[in-house]
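Colleague: Just one file: run.cif, with mmCIF, C-alpha atoms, pLDDT in the B column; chains and numbers go by the auth columns.
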```cif
data_start
#
loop_
_atom_site.group_PDB
_atom_site.id
_atom_site.type_symbol
_atom_site.label_atom_id
_atom_site.label_comp_id
_atom_site.label_asym_id
_atom_site.label_seq_id
_atom_site.Cartn_x
_atom_site.Cartn_y
_atom_site.Cartn_z
_atom_site.B_iso_or_equiv
_atom_site.auth_seq_id
_atom_site.auth_asym_id
ATOM 1 C CA MET A 1 0.000 0.000 0.000 46.00 124 M
ATOM 2 C CA SER A 2 2.744 2.402 0.950 45.00 125 M
ATOM 3 C CA ARG A 3 4.627 1.812 -2.311 43.00 126 M
ATOM 4 C CA ARG A 4 1.555 2.426 -4.469 47.00 127 M
ATOM 5 C CA SER A 5 0.777 5.518 -2.509 44.00 128 M
ATOM 6 C CA SER A 6 4.244 6.944 -2.869 44.00 129 M
ATOM 7 C CA LYS A 7 4.259 6.066 -6.531 46.00 130 M
ATOM 8 C CA ASN A 8 0.975 7.819 -7.161 46.00 131 M
ATOM 9 C CA SER A 9 2.021 10.836 -5.198 42.00 132 M
ATOM 10 C CA ARG A 10 5.255 10.962 -7.119 44.00 133 M
ATOM 11 C CA ARG A 11 3.364 10.893 -10.423 45.00 134 M
ATOM 12 C CA PHE A 12 0.990 13.578 -9.211 40.00 135 M
ATOM 13 C CA GLY A 13 3.913 15.736 -8.209 43.00 136 M
ATOM 14 C CA GLU A 14 5.654 15.161 -11.492 45.00 137 M
ATOM 15 C CA SER A 15 2.560 16.191 -13.397 44.00 138 M
ATOM 16 C CA GLY A 16 2.442 19.430 -11.462 46.00 139 M
ATOM 17 C CA GLY A 17 -0.459 18.625 -9.103 47.00 140 M
ATOM 18 C CA ILE A 18 -2.790 21.481 -8.142 41.00 141 M
ATOM 19 C CA GLY A 19 -0.182 24.021 -9.132 44.00 142 M
ATOM 20 C CA ALA A 20 -0.173 22.716 -12.674 44.00 143 M
ATOM 21 C CA LEU A 21 -3.953 22.533 -12.741 40.00 144 M
ATOM 22 C CA PHE A 22 -4.274 26.273 -12.088 40.00 145 M
ATOM 23 C CA GLY A 23 -1.102 27.342 -13.836 46.00 146 M
ATOM 24 C CA PHE A 24 0.783 28.414 -10.693 42.00 147 M
ATOM 25 C CA ASN A 25 3.960 26.703 -11.818 48.00 148 M
ATOM 26 C CA SER A 26 3.958 28.467 -15.148 46.00 149 M
ATOM 27 C CA LEU A 27 3.302 31.770 -13.435 44.00 150 M
ATOM 28 C CA SER A 28 6.123 31.229 -10.985 47.00 151 M
ATOM 29 C CA ARG A 29 8.482 30.411 -13.842 50.00 152 M
ATOM 30 C CA SER A 30 7.441 33.629 -15.588 50.00 153 M
ATOM 31 C CA SER A 31 7.219 35.780 -12.505 60.00 154 M
ATOM 32 C CA PRO A 32 7.797 39.106 -14.322 64.00 155 M
ATOM 33 C CA TYR A 33 4.411 38.634 -16.020 65.00 156 M
ATOM 34 C CA PHE A 34 2.503 37.708 -12.886 64.00 157 M
ATOM 35 C CA PRO A 35 1.675 41.335 -11.835 64.00 158 M
ATOM 36 C CA ILE A 36 0.554 42.063 -15.376 68.00 159 M
ATOM 37 C CA ALA A 37 -1.746 39.050 -15.293 65.00 160 M
ATOM 38 C CA LEU A 38 -3.272 40.253 -12.044 68.00 161 M
ATOM 39 C CA ILE A 39 -3.856 43.730 -13.476 69.00 162 M
ATOM 40 C CA LEU A 40 -5.531 42.318 -16.589 71.00 163 M
ATOM 41 C CA LEU A 41 -7.682 40.030 -14.469 70.00 164 M
ATOM 42 C CA GLY A 42 -8.750 42.960 -12.299 66.00 165 M
ATOM 43 C CA ALA A 43 -9.580 44.984 -15.396 64.00 166 M
ATOM 44 C CA VAL A 44 -11.820 42.181 -16.658 59.00 167 M
ATOM 45 C CA PHE A 45 -13.701 42.019 -13.345 58.00 168 M
ATOM 46 C CA LEU A 46 -14.099 45.819 -13.331 56.00 169 M
ATOM 47 C CA PHE A 47 -15.463 45.788 -16.875 52.00 170 M
ATOM 48 C CA VAL A 48 -17.991 43.083 -16.000 44.00 171 M
ATOM 49 C CA TYR A 49 -19.118 45.026 -12.925 46.00 172 M
ATOM 50 C CA LEU A 50 -19.567 48.282 -14.809 46.00 173 M
ATOM 51 C CA TYR A 51 -21.405 46.541 -17.619 45.00 174 M
ATOM 52 C CA SER A 52 -23.836 44.891 -15.233 41.00 175 M
ATOM 53 C CA SER A 53 -24.413 48.213 -13.457 37.00 176 M
ATOM 54 C CA SER A 54 -25.092 49.991 -16.723 36.00 177 M
ATOM 55 C CA ALA A 55 -27.560 47.277 -17.669 36.00 178 M
ATOM 56 C CA GLN A 56 -29.428 47.833 -14.416 34.00 179 M
ATOM 57 C CA PHE A 57 -29.606 51.597 -14.766 32.00 180 M
ATOM 58 C CA GLY A 58 -29.194 51.761 -18.528 34.00 181 M
ATOM 59 C CA GLY A 59 -32.238 53.862 -19.349 37.00 182 M
ATOM 60 C CA ASN A 60 -31.503 56.664 -16.909 38.00 183 M
ATOM 61 C CA ARG A 61 -27.784 56.760 -17.623 33.00 184 M
ATOM 62 C CA GLN A 62 -28.294 56.770 -21.367 40.00 185 M
ATOM 63 C CA ALA A 63 -30.721 59.678 -21.142 40.00 186 M
ATOM 64 C CA LEU A 64 -28.481 61.574 -18.746 38.00 187 M
ATOM 65 C CA ASN A 65 -25.367 61.051 -20.856 36.00 188 M
ATOM 66 C CA ARG A 66 -27.187 62.238 -23.939 40.00 189 M
ATOM 67 C CA VAL A 67 -28.258 65.393 -22.129 38.00 190 M
ATOM 68 C CA GLN A 68 -24.844 66.008 -20.593 39.00 191 M
ATOM 69 C CA GLY A 69 -23.104 65.496 -23.902 42.00 192 M
ATOM 70 C CA ASP A 70 -25.129 67.834 -26.085 46.00 193 M
ATOM 71 C CA PHE A 71 -27.690 69.664 -23.969 45.00 194 M
ATOM 72 C CA SER A 72 -25.861 70.672 -20.814 72.00 195 M
ATOM 73 C CA CYS A 73 -28.278 73.461 -19.937 91.00 196 M
ATOM 74 C CA THR A 74 -31.155 70.985 -19.696 89.00 197 M
ATOM 75 C CA VAL A 75 -29.255 69.282 -16.893 90.00 198 M
ATOM 76 C CA GLU A 76 -28.690 72.745 -15.440 92.00 199 M
ATOM 77 C CA VAL A 77 -32.440 73.396 -15.335 95.00 200 M
ATOM 78 C CA ARG A 78 -33.040 70.283 -13.237 92.00 201 M
ATOM 79 C CA GLU A 79 -30.321 71.272 -10.805 92.00 202 M
ATOM 80 C CA ALA A 80 -31.658 74.813 -10.598 95.00 203 M
ATOM 81 C CA ILE A 81 -35.270 73.864 -9.797 95.00 204 M
ATOM 82 C CA PRO A 82 -34.869 74.372 -5.986 94.00 205 M
ATOM 83 C CA ILE A 83 -33.274 77.763 -6.652 96.00 206 M
ATOM 84 C CA LEU A 84 -36.020 78.721 -9.091 96.00 207 M
ATOM 85 C CA LYS A 85 -38.679 77.789 -6.534 94.00 208 M
ATOM 86 C CA LYS A 86 -37.114 80.123 -3.989 94.00 209 M
ATOM 87 C CA ALA A 87 -36.857 82.915 -6.529 96.00 210 M
ATOM 88 C CA TYR A 88 -40.331 82.600 -8.058 96.00 211 M
ATOM 89 C CA GLY A 89 -42.379 81.099 -5.227 93.00 212 M
ATOM 90 C CA ASP A 90 -46.017 80.684 -6.254 90.00 213 M
ATOM 91 C CA SER A 91 -45.098 81.386 -9.868 90.00 214 M
ATOM 92 C CA MET A 92 -43.787 77.820 -10.065 93.00 215 M
ATOM 93 C CA HIS A 93 -47.281 76.319 -9.827 93.00 216 M
ATOM 94 C CA LYS A 94 -47.748 76.005 -13.614 96.00 217 M
ATOM 95 C CA VAL A 95 -44.518 75.701 -15.567 97.00 218 M
ATOM 96 C CA LEU A 96 -43.825 75.201 -19.256 98.00 219 M
ATOM 97 C CA HIS A 97 -40.376 73.929 -20.202 97.00 220 M
ATOM 98 C CA ILE A 98 -39.179 74.195 -23.792 96.00 221 M
ATOM 99 C CA GLY A 99 -36.105 72.452 -25.103 92.00 222 M
ATOM 100 C CA PRO A 100 -34.512 69.163 -26.139 88.00 223 M
ATOM 101 C CA ASN A 101 -35.206 66.307 -23.734 88.00 224 M
ATOM 102 C CA THR A 102 -37.970 68.296 -22.098 93.00 225 M
ATOM 103 C CA CYS A 103 -39.355 65.029 -20.680 93.00 226 M
ATOM 104 C CA TYR A 104 -36.248 64.938 -18.507 91.00 227 M
ATOM 105 C CA VAL A 105 -37.158 68.295 -16.921 95.00 228 M
ATOM 106 C CA VAL A 106 -40.930 67.784 -16.866 96.00 229 M
ATOM 107 C CA SER A 107 -40.572 64.479 -14.996 95.00 230 M
ATOM 108 C CA ARG A 108 -38.524 66.268 -12.343 94.00 231 M
ATOM 109 C CA LEU A 109 -40.980 69.167 -12.036 95.00 232 M
ATOM 110 C CA LEU A 110 -43.937 66.823 -11.655 94.00 233 M
ATOM 111 C CA LYS A 111 -42.345 65.499 -8.466 93.00 234 M
ATOM 112 C CA GLU A 112 -42.638 68.943 -6.868 91.00 235 M
ATOM 113 C CA GLU A 113 -45.676 69.577 -4.685 87.00 236 M
ATOM 114 C CA GLU A 114 -48.412 71.799 -6.145 89.00 237 M
ATOM 115 C CA THR A 115 -46.594 72.079 -9.478 92.00 238 M
ATOM 116 C CA GLU A 116 -48.113 71.479 -12.895 95.00 239 M
ATOM 117 C CA ALA A 117 -45.505 70.876 -15.566 97.00 240 M
ATOM 118 C CA TRP A 118 -45.775 70.883 -19.326 97.00 241 M
ATOM 119 C CA GLY A 119 -43.197 70.609 -22.063 97.00 242 M
ATOM 120 C CA VAL A 120 -42.489 71.405 -25.681 96.00 243 M
ATOM 121 C CA GLU A 121 -39.950 69.237 -27.506 93.00 244 M
ATOM 122 C CA PRO A 122 -38.626 71.130 -30.558 89.00 245 M
ATOM 123 C CA TYR A 123 -37.241 68.044 -32.248 81.00 246 M
ATOM 124 C CA ASP A 124 -38.282 64.463 -32.988 78.00 247 M
ATOM 125 C CA ILE A 125 -38.685 61.918 -30.201 76.00 248 M
ATOM 126 C CA GLU A 126 -37.831 58.762 -32.139 75.00 249 M
ATOM 127 C CA ASP A 127 -35.128 57.884 -29.628 75.00 250 M
ATOM 128 C CA ALA A 128 -37.195 58.828 -26.573 78.00 251 M
ATOM 129 C CA ASP A 129 -37.833 56.277 -23.838 85.00 252 M
ATOM 130 C CA GLY A 130 -41.220 54.879 -22.862 87.00 253 M
ATOM 131 C CA ASN A 131 -41.760 57.433 -20.105 90.00 254 M
ATOM 132 C CA CYS A 132 -41.320 60.331 -22.523 91.00 255 M
ATOM 133 C CA LYS A 133 -43.624 58.820 -25.126 88.00 256 M
ATOM 134 C CA ALA A 134 -46.210 58.319 -22.390 93.00 257 M
ATOM 135 C CA LEU A 135 -46.002 62.030 -21.519 94.00 258 M
ATOM 136 C CA VAL A 136 -46.581 62.841 -25.181 93.00 259 M
ATOM 137 C CA ARG A 137 -49.604 60.534 -25.385 93.00 260 M
ATOM 138 C CA ARG A 138 -51.076 62.199 -22.284 94.00 261 M
ATOM 139 C CA GLY A 139 -50.637 65.637 -23.847 94.00 262 M
ATOM 140 C CA ILE A 140 -48.232 66.814 -21.145 96.00 263 M
ATOM 141 C CA VAL A 141 -45.378 67.085 -23.653 95.00 264 M
ATOM 142 C CA ARG A 142 -45.967 68.431 -27.137 94.00 265 M
ATOM 143 C CA VAL A 143 -43.649 68.094 -30.136 93.00 266 M
ATOM 144 C CA ALA A 144 -43.641 71.435 -31.949 92.00 267 M
ATOM 145 C CA ASP A 145 -41.354 73.636 -34.013 91.00 268 M
ATOM 146 C CA ILE A 146 -40.710 76.719 -31.871 92.00 269 M
ATOM 147 C CA LYS A 147 -39.885 78.791 -34.953 91.00 270 M
ATOM 148 C CA PHE A 148 -43.645 79.172 -35.270 92.00 271 M
ATOM 149 C CA PRO A 149 -46.126 80.574 -32.679 93.00 272 M
ATOM 150 C CA LEU A 150 -46.942 78.154 -29.891 93.00 273 M
ATOM 151 C CA PRO A 151 -50.557 76.891 -29.776 91.00 274 M
ATOM 152 C CA TYR A 152 -51.224 78.447 -26.362 95.00 275 M
ATOM 153 C CA ARG A 153 -53.249 81.428 -25.285 95.00 276 M
ATOM 154 C CA PRO A 154 -51.519 84.455 -23.734 96.00 277 M
ATOM 155 C CA LYS A 155 -50.440 83.895 -20.120 96.00 278 M
ATOM 156 C CA SER A 156 -51.288 80.181 -20.251 96.00 279 M
ATOM 157 C CA PHE A 157 -48.416 79.412 -17.870 97.00 280 M
ATOM 158 C CA SER A 158 -47.141 81.161 -14.784 97.00 281 M
ATOM 159 C CA LEU A 159 -43.500 80.581 -15.732 97.00 282 M
ATOM 160 C CA VAL A 160 -41.829 79.550 -18.996 98.00 283 M
ATOM 161 C CA ILE A 161 -38.346 78.030 -18.951 98.00 284 M
ATOM 162 C CA VAL A 162 -36.338 77.422 -22.115 97.00 285 M
ATOM 163 C CA SER A 163 -32.999 75.632 -22.440 94.00 286 M
ATOM 164 C CA ASP A 164 -30.748 74.602 -25.331 90.00 287 M
ATOM 165 C CA ALA A 165 -33.302 75.597 -27.943 91.00 288 M
ATOM 166 C CA VAL A 166 -32.682 79.271 -28.760 92.00 289 M
ATOM 167 C CA ASP A 167 -28.979 78.506 -29.340 90.00 290 M
ATOM 168 C CA TYR A 168 -29.970 76.863 -32.617 87.00 291 M
ATOM 169 C CA LEU A 169 -32.105 79.747 -33.874 90.00 292 M
ATOM 170 C CA SER A 170 -30.896 82.521 -36.138 89.00 293 M
ATOM 171 C CA PRO A 171 -31.766 86.147 -35.222 89.00 294 M
ATOM 172 C CA LYS A 172 -34.527 85.996 -37.841 90.00 295 M
ATOM 173 C CA TYR A 173 -36.424 83.406 -35.785 92.00 296 M
ATOM 174 C CA LEU A 174 -35.283 84.644 -32.385 93.00 297 M
ATOM 175 C CA ASN A 175 -37.104 87.921 -33.057 93.00 298 M
ATOM 176 C CA LYS A 176 -40.360 85.958 -33.235 93.00 299 M
ATOM 177 C CA THR A 177 -39.786 83.007 -30.918 95.00 300 M
ATOM 178 C CA ILE A 178 -38.622 84.662 -27.698 95.00 301 M
ATOM 179 C CA PRO A 179 -41.384 87.304 -27.674 95.00 302 M
ATOM 180 C CA ASP A 180 -43.851 84.457 -28.249 95.00 303 M
ATOM 181 C CA LEU A 181 -42.432 82.631 -25.208 95.00 304 M
ATOM 182 C CA ALA A 182 -42.926 85.779 -23.159 95.00 305 M
ATOM 183 C CA ARG A 183 -46.486 86.023 -24.520 95.00 306 M
ATOM 184 C CA VAL A 184 -47.585 82.663 -23.095 96.00 307 M
ATOM 185 C CA SER A 185 -46.044 83.372 -19.656 97.00 308 M
ATOM 186 C CA ALA A 186 -47.748 85.309 -16.879 96.00 309 M
ATOM 187 C CA ASP A 187 -44.983 85.841 -14.306 95.00 310 M
ATOM 188 C CA GLY A 188 -41.767 85.508 -16.232 96.00 311 M
ATOM 189 C CA LEU A 189 -39.532 83.840 -18.787 97.00 312 M
ATOM 190 C CA VAL A 190 -36.257 82.154 -17.822 98.00 313 M
ATOM 191 C CA ILE A 191 -33.700 81.394 -20.527 97.00 314 M
ATOM 192 C CA PHE A 192 -30.825 78.955 -19.996 96.00 315 M
ATOM 193 C CA THR A 193 -28.262 79.288 -22.762 93.00 316 M
ATOM 194 C CA GLY A 194 -24.731 78.020 -23.284 90.00 317 M
ATOM 195 C CA LEU A 195 -21.576 79.979 -22.622 86.00 318 M
ATOM 196 C CA PRO A 196 -19.426 80.860 -25.649 84.00 319 M
ATOM 197 C CA GLY A 197 -16.481 78.534 -26.112 71.00 320 M
ATOM 198 C CA GLN A 198 -17.975 75.633 -24.176 63.00 321 M
ATOM 199 C CA HIS A 199 -20.368 73.087 -25.667 53.00 322 M
ATOM 200 C CA ARG A 200 -20.777 72.819 -29.416 52.00 323 M
ATOM 201 C CA ALA A 201 -23.095 70.657 -31.485 48.00 324 M
ATOM 202 C CA LYS A 202 -21.497 67.548 -32.901 50.00 325 M
ATOM 203 C CA VAL A 203 -21.346 67.072 -36.657 45.00 326 M
ATOM 204 C CA ALA A 204 -24.190 64.549 -36.459 45.00 327 M
ATOM 205 C CA GLU A 205 -26.279 67.030 -34.490 52.00 328 M
ATOM 206 C CA VAL A 206 -25.941 69.722 -37.152 53.00 329 M
ATOM 207 C CA THR A 207 -28.058 67.601 -39.474 46.00 330 M
ATOM 208 C CA LYS A 208 -30.641 66.974 -36.767 53.00 331 M
ATOM 209 C CA PHE A 209 -31.047 70.629 -35.792 57.00 332 M
ATOM 210 C CA GLY A 210 -30.455 72.108 -39.212 64.00 333 M
ATOM 211 C CA ARG A 211 -27.581 74.261 -37.977 69.00 334 M
ATOM 212 C CA ALA A 212 -24.862 74.270 -35.351 74.00 335 M
ATOM 213 C CA ALA A 213 -25.427 75.880 -31.972 78.00 336 M
ATOM 214 C CA LYS A 214 -24.358 79.525 -31.803 84.00 337 M
ATOM 215 C CA LEU A 215 -23.460 80.338 -28.210 87.00 338 M
ATOM 216 C CA ARG A 216 -23.737 84.080 -27.731 92.00 339 M
ATOM 217 C CA SER A 217 -22.243 86.333 -25.070 94.00 340 M
ATOM 218 C CA SER A 218 -24.297 87.947 -22.293 94.00 341 M
ATOM 219 C CA SER A 219 -23.772 91.396 -23.860 95.00 342 M
ATOM 220 C CA TRP A 220 -25.233 90.100 -27.141 95.00 343 M
ATOM 221 C CA TRP A 221 -28.302 88.807 -25.319 96.00 344 M
ATOM 222 C CA VAL A 222 -28.793 92.052 -23.400 95.00 345 M
ATOM 223 C CA ARG A 223 -28.763 94.036 -26.659 95.00 346 M
ATOM 224 C CA PHE A 224 -31.190 91.545 -28.180 95.00 347 M
ATOM 225 C CA PHE A 225 -33.616 91.898 -25.261 96.00 348 M
ATOM 226 C CA LEU A 226 -33.552 95.677 -25.589 94.00 349 M
ATOM 227 C CA GLN A 227 -34.221 95.482 -29.327 93.00 350 M
ATOM 228 C CA THR A 228 -37.218 93.190 -28.793 92.00 351 M
ATOM 229 C CA SER A 229 -38.658 95.308 -25.920 93.00 352 M
ATOM 230 C CA LEU A 230 -38.078 92.575 -23.341 95.00 353 M
ATOM 231 C CA GLU A 231 -37.227 93.750 -19.829 95.00 354 M
ATOM 232 C CA GLU A 232 -35.024 91.849 -17.440 96.00 355 M
ATOM 233 C CA ASN A 233 -36.777 90.867 -14.219 96.00 356 M
ATOM 234 C CA GLU A 234 -34.555 92.584 -11.649 96.00 357 M
ATOM 235 C CA ALA A 235 -36.554 91.297 -8.663 96.00 358 M
ATOM 236 C CA ALA A 236 -36.298 87.681 -9.838 96.00 359 M
ATOM 237 C CA ILE A 237 -32.595 88.114 -10.618 97.00 360 M
ATOM 238 C CA LYS A 238 -31.892 89.337 -7.104 97.00 361 M
ATOM 239 C CA LYS A 239 -33.877 86.536 -5.424 97.00 362 M
ATOM 240 C CA PHE A 240 -32.259 83.912 -7.652 97.00 363 M
ATOM 241 C CA GLN A 241 -28.761 85.165 -6.869 96.00 364 M
ATOM 242 C CA GLN A 242 -29.472 85.209 -3.134 97.00 365 M
ATOM 243 C CA ALA A 243 -30.859 81.667 -3.194 96.00 366 M
ATOM 244 C CA ALA A 244 -27.936 80.471 -5.325 96.00 367 M
ATOM 245 C CA THR A 245 -25.419 81.958 -2.890 96.00 368 M
ATOM 246 C CA LYS A 246 -27.061 80.290 0.119 95.00 369 M
ATOM 247 C CA SER A 247 -27.131 76.941 -1.663 94.00 370 M
ATOM 248 C CA SER A 248 -23.585 77.294 -3.079 94.00 371 M
ATOM 249 C CA TYR A 249 -25.054 76.867 -6.544 94.00 372 M
ATOM 250 C CA HIS A 250 -22.752 77.879 -9.406 92.00 373 M
ATOM 251 C CA PRO A 251 -24.451 77.650 -12.821 91.00 374 M
ATOM 252 C CA ASN A 252 -22.509 76.454 -15.836 90.00 375 M
ATOM 253 C CA CYS A 253 -24.901 78.184 -18.229 93.00 376 M
ATOM 254 C CA GLN A 254 -26.042 81.746 -18.711 95.00 377 M
ATOM 255 C CA ILE A 255 -29.413 82.362 -17.055 97.00 378 M
ATOM 256 C CA PHE A 256 -31.609 85.308 -18.029 97.00 379 M
ATOM 257 C CA HIS A 257 -34.765 86.301 -16.162 98.00 380 M
ATOM 258 C CA LEU A 258 -37.234 88.288 -18.264 97.00 381 M
ATOM 259 C CA LYS A 259 -40.592 89.863 -17.539 95.00 382 M
ATOM 260 C CA SER A 260 -43.714 88.686 -19.279 94.00 383 M
ATOM 261 C CA PHE A 261 -45.547 91.026 -21.613 88.00 384 M
ATOM 262 C CA SER A 262 -48.147 93.053 -19.741 77.00 385 M
#
```
The structure in this file should be written as structure tokens.
Modeller:
Amino acid sequence: MSRRSSKNSRRFGESGGIGALFGFNSLSRSSPYFPIALILLGAVFLFVYLYSSSAQFGGNRQALNRVQGDFSCTVEVREAIPILKKAYGDSMHKVLHIGPNTCYVVSRLLKEEETEAWGVEPYDIEDADGNCKALVRRGIVRVADIKFPLPYRPKSFSLVIVSDAVDYLSPKYLNKTIPDLARVSADGLVIFTGLPGQHRAKVAEVTKFGRAAKLRSSSWWVRFFLQTSLEENEAAIKKFQQAATKSSYHPNCQIFHLKSFS
């Protein structure tokens, strides 16, 4: 018995045993590559983990990445909602948001107490998720070209917020669109627009929007407001700045507060 046992153990050892089964011997013989193997193995595990996480939260992340990549001011609107509520108070009870991925903002506004939210999507919604298409079916979000008058009566909404939409309009259409936005608001119009030199439309987006985004300076916008008889809402500006300071909120977009037409 003892001879057979020693013989078998000797053969097992000669074949490499457990070390050979898992490749430990080969790794020990090529020790310089062992750390590299560990790094690659860790990278594989990290990739699998991130992939599984993205699958779990894929819808939200995909929508958020799309907004962050091309429509940064839409993300800014969501972050600024608490500040806007402090600045406008009761004027936030019936809000119209206009801009790409408006479903993203409207869904957030609908979570606020005593707040009605509506949206206008200036572009197609072929790539929209099920939640957005449901908002369209319910009539909460409307797909409409903002270069033409909106199908709303004057002062239909207490506050109108627009983001990442006027950047794609030429002055010819801006002269009609922005006054029309002020027309359908009762207590104010808030415009979120990009800062010059920051985000630009991708080549693929130029085809979708018909033209590249033109990010204008604050001085350009101030002159434009004067030319179109739109007054800046000094009271709202002051309240917004005070609320932003208390909340340590630093916007990455230009924000203009305008009065509605009387």
Colleague: Using all atoms of region 367-376 of chain M listed in the file and a margin of 3 Å per side, can you give the axis-aligned box centre and edge lengths in Å to one decimal, as JSON?
Modeller:
```
{"center_x": -25.2, "center_y": 79.2, "center_z": -9.1, "size_x": 11.4, "size_y": 11.5, "size_z": 24.3}
```
Colleague: Quote the spacing between CA of Gln365 (chain M) and CA of Thr238 (chain M) in Å to one decimal place.
Modeller: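 Straight-line distance from CA of Gln365 (chain M) to CA of Thr238 (chain M) works out to 22.5 Å.
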Colleague: Just so the selection is clear, what residues does the PyMOL selection byres ((chain M and resi 339-342) around 8) cover here, as a tab-separated table (two decimals) with C-alpha atoms, in the frame of the given file?
Modeller:
```
chain	number	residue	atom	x	y	z
M	290	ASP	CA	-28.98	78.51	-29.34
M	317	GLY	CA	-24.73	78.02	-23.28
M	318	LEU	CA	-21.58	79.98	-22.62
M	319	PRO	CA	-19.43	80.86	-25.65
M	337	LYS	CA	-24.36	79.53	-31.80
M	338	LEU	CA	-23.46	80.34	-28.21
M	343	TRP	CA	-25.23	90.10	-27.14
M	344	TRP	CA	-28.30	88.81	-25.32
M	345	VAL	CA	-28.79	92.05	-23.40
M	346	ARG	CA	-28.76	94.04	-26.66
M	377	GLN	CA	-26.04	81.75	-18.71
```
Colleague: Using the chain letters and numbers from the file, give me the residues hit by the PyMOL selection byres ((chain M and resi 268) around 8), as a list in words.
Modeller: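 With the PyMOL selection byres ((chain M and resi 268) around 8) on this model, the match is Glu244, Pro245, Tyr246, Val266, Ala267, Ile269, Lys270 and Phe271 of chain M.
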Colleague: Run the PyMOL selection byres ((chain M and resi 254) around 12) on the file and write out the hits as a VMD selection string.
Modeller: chain M and resid 182 to 183 186 224 to 227 229 to 230 248 250 to 253 255 to 261 263 to 264
Colleague: Rank nothing, just name the residue among M:Gln350, M:Asn375, M:Thr300, M:Ser383 nearest to Val313 (chain M), using only C-alpha atoms.
Modeller: M:Ser383
Colleague: Which of these, M:Leu273, M:Leu219, M:Val283, M:Leu232, has the shortest distance to Pro205 (chain M) once you count only C-alpha atoms?
Modeller: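 Ranking M:Leu273, M:Leu219, M:Val283, M:Leu232 by distance to Pro205 (chain M), first place goes to M:Leu232.
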Colleague: Would you mind listing what lies within 7 Å of Ser286 (chain M) as a list in words, with all atoms listed in the file counted and same-chain residues fewer than 5 positions away left out?
Modeller: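 Counting only the stated atoms, we get Cys196, Thr197, Ile221, Gly222, Ile314, Phe315 and Thr316 of chain M.
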Colleague: By how many Å are CA of Leu233 (chain M) and CA of Lys209 (chain M) apart?
Modeller: 16.8 Å
Colleague: Just to confirm, what's the straight-line distance from CA of Asn298 (chain M) to CA of Phe348 (chain M) in Å (one decimal)?
Modeller: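 CA of Phe348 (chain M) lies 9.4 Å from CA of Asn298 (chain M).
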Colleague: Calculated over all atoms listed in the file, which of the candidates M:Gly320, M:Leu304, M:Ala210, M:Lys361 has the smallest distance to Lys278 (chain M)?
Modeller: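 Comparing M:Gly320, M:Leu304, M:Ala210, M:Lys361 against Lys278 (chain M), the winner is M:Leu304.
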Colleague: From the set M:Pro374, M:Gly212, M:Pro277, M:Pro223, which residue has the shortest atom-to-atom contact distance to Ala309 (chain M), counting only C-alpha atoms?
Modeller: M:Pro277
Colleague: Name the closest residue to Val200 (chain M) among the candidates M:Arg276, M:Val285, M:Ile360, M:Lys217; distances are taken between atoms, counting all atoms listed in the file.
Modeller: M:Val285
Colleague: Go through M:Asp287, M:Leu353, M:Ser293, M:Asp310 and flag the residue nearest His216 (chain M), using all atoms listed in the file for the distances.
Modeller: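 For His216 (chain M), the nearest of the candidates is M:Asp310.
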Colleague: When you get a chance, write out N, CA, C and O atoms for region 202-209 of chain M, as an mmCIF file, keeping the file's coordinate frame.
Modeller:
```cif
data_model
loop_
_atom_site.group_PDB
_atom_site.id
_atom_site.type_symbol
_atom_site.label_atom_id
_atom_site.label_comp_id
_atom_site.auth_asym_id
_atom_site.auth_seq_id
_atom_site.Cartn_x
_atom_site.Cartn_y
_atom_site.Cartn_z
ATOM 1 N N GLU M 202 -31.065 70.945 -12.020
ATOM 2 C CA GLU M 202 -30.321 71.272 -10.805
ATOM 3 C C GLU M 202 -30.775 72.595 -10.207
ATOM 4 O O GLU M 202 -30.661 72.810 -9.000
ATOM 5 N N ALA M 203 -31.276 73.483 -11.058
ATOM 6 C CA ALA M 203 -31.658 74.813 -10.598
ATOM 7 C C ALA M 203 -33.096 74.899 -10.102
ATOM 8 O O ALA M 203 -33.515 75.961 -9.620
ATOM 9 N N ILE M 204 -33.862 73.824 -10.199
ATOM 10 C CA ILE M 204 -35.270 73.864 -9.797
ATOM 11 C C ILE M 204 -35.453 74.351 -8.352
ATOM 12 O O ILE M 204 -36.308 75.211 -8.093
ATOM 13 N N PRO M 205 -34.699 73.853 -7.360
ATOM 14 C CA PRO M 205 -34.869 74.372 -5.986
ATOM 15 C C PRO M 205 -34.586 75.865 -5.890
ATOM 16 O O PRO M 205 -35.246 76.589 -5.137
ATOM 17 N N ILE M 206 -33.611 76.330 -6.661
ATOM 18 C CA ILE M 206 -33.274 77.763 -6.652
ATOM 19 C C ILE M 206 -34.393 78.561 -7.315
ATOM 20 O O ILE M 206 -34.783 79.640 -6.838
ATOM 21 N N LEU M 207 -34.924 78.049 -8.397
ATOM 22 C CA LEU M 207 -36.020 78.721 -9.091
ATOM 23 C C LEU M 207 -37.260 78.818 -8.200
ATOM 24 O O LEU M 207 -37.969 79.830 -8.218
ATOM 25 N N LYS M 208 -37.518 77.772 -7.427
ATOM 26 C CA LYS M 208 -38.679 77.789 -6.534
ATOM 27 C C LYS M 208 -38.550 78.877 -5.478
ATOM 28 O O LYS M 208 -39.524 79.544 -5.126
ATOM 29 N N LYS M 209 -37.333 79.074 -4.981
ATOM 30 C CA LYS M 209 -37.114 80.123 -3.989
ATOM 31 C C LYS M 209 -37.220 81.512 -4.611
ATOM 32 O O LYS M 209 -37.656 82.462 -3.961
#
```
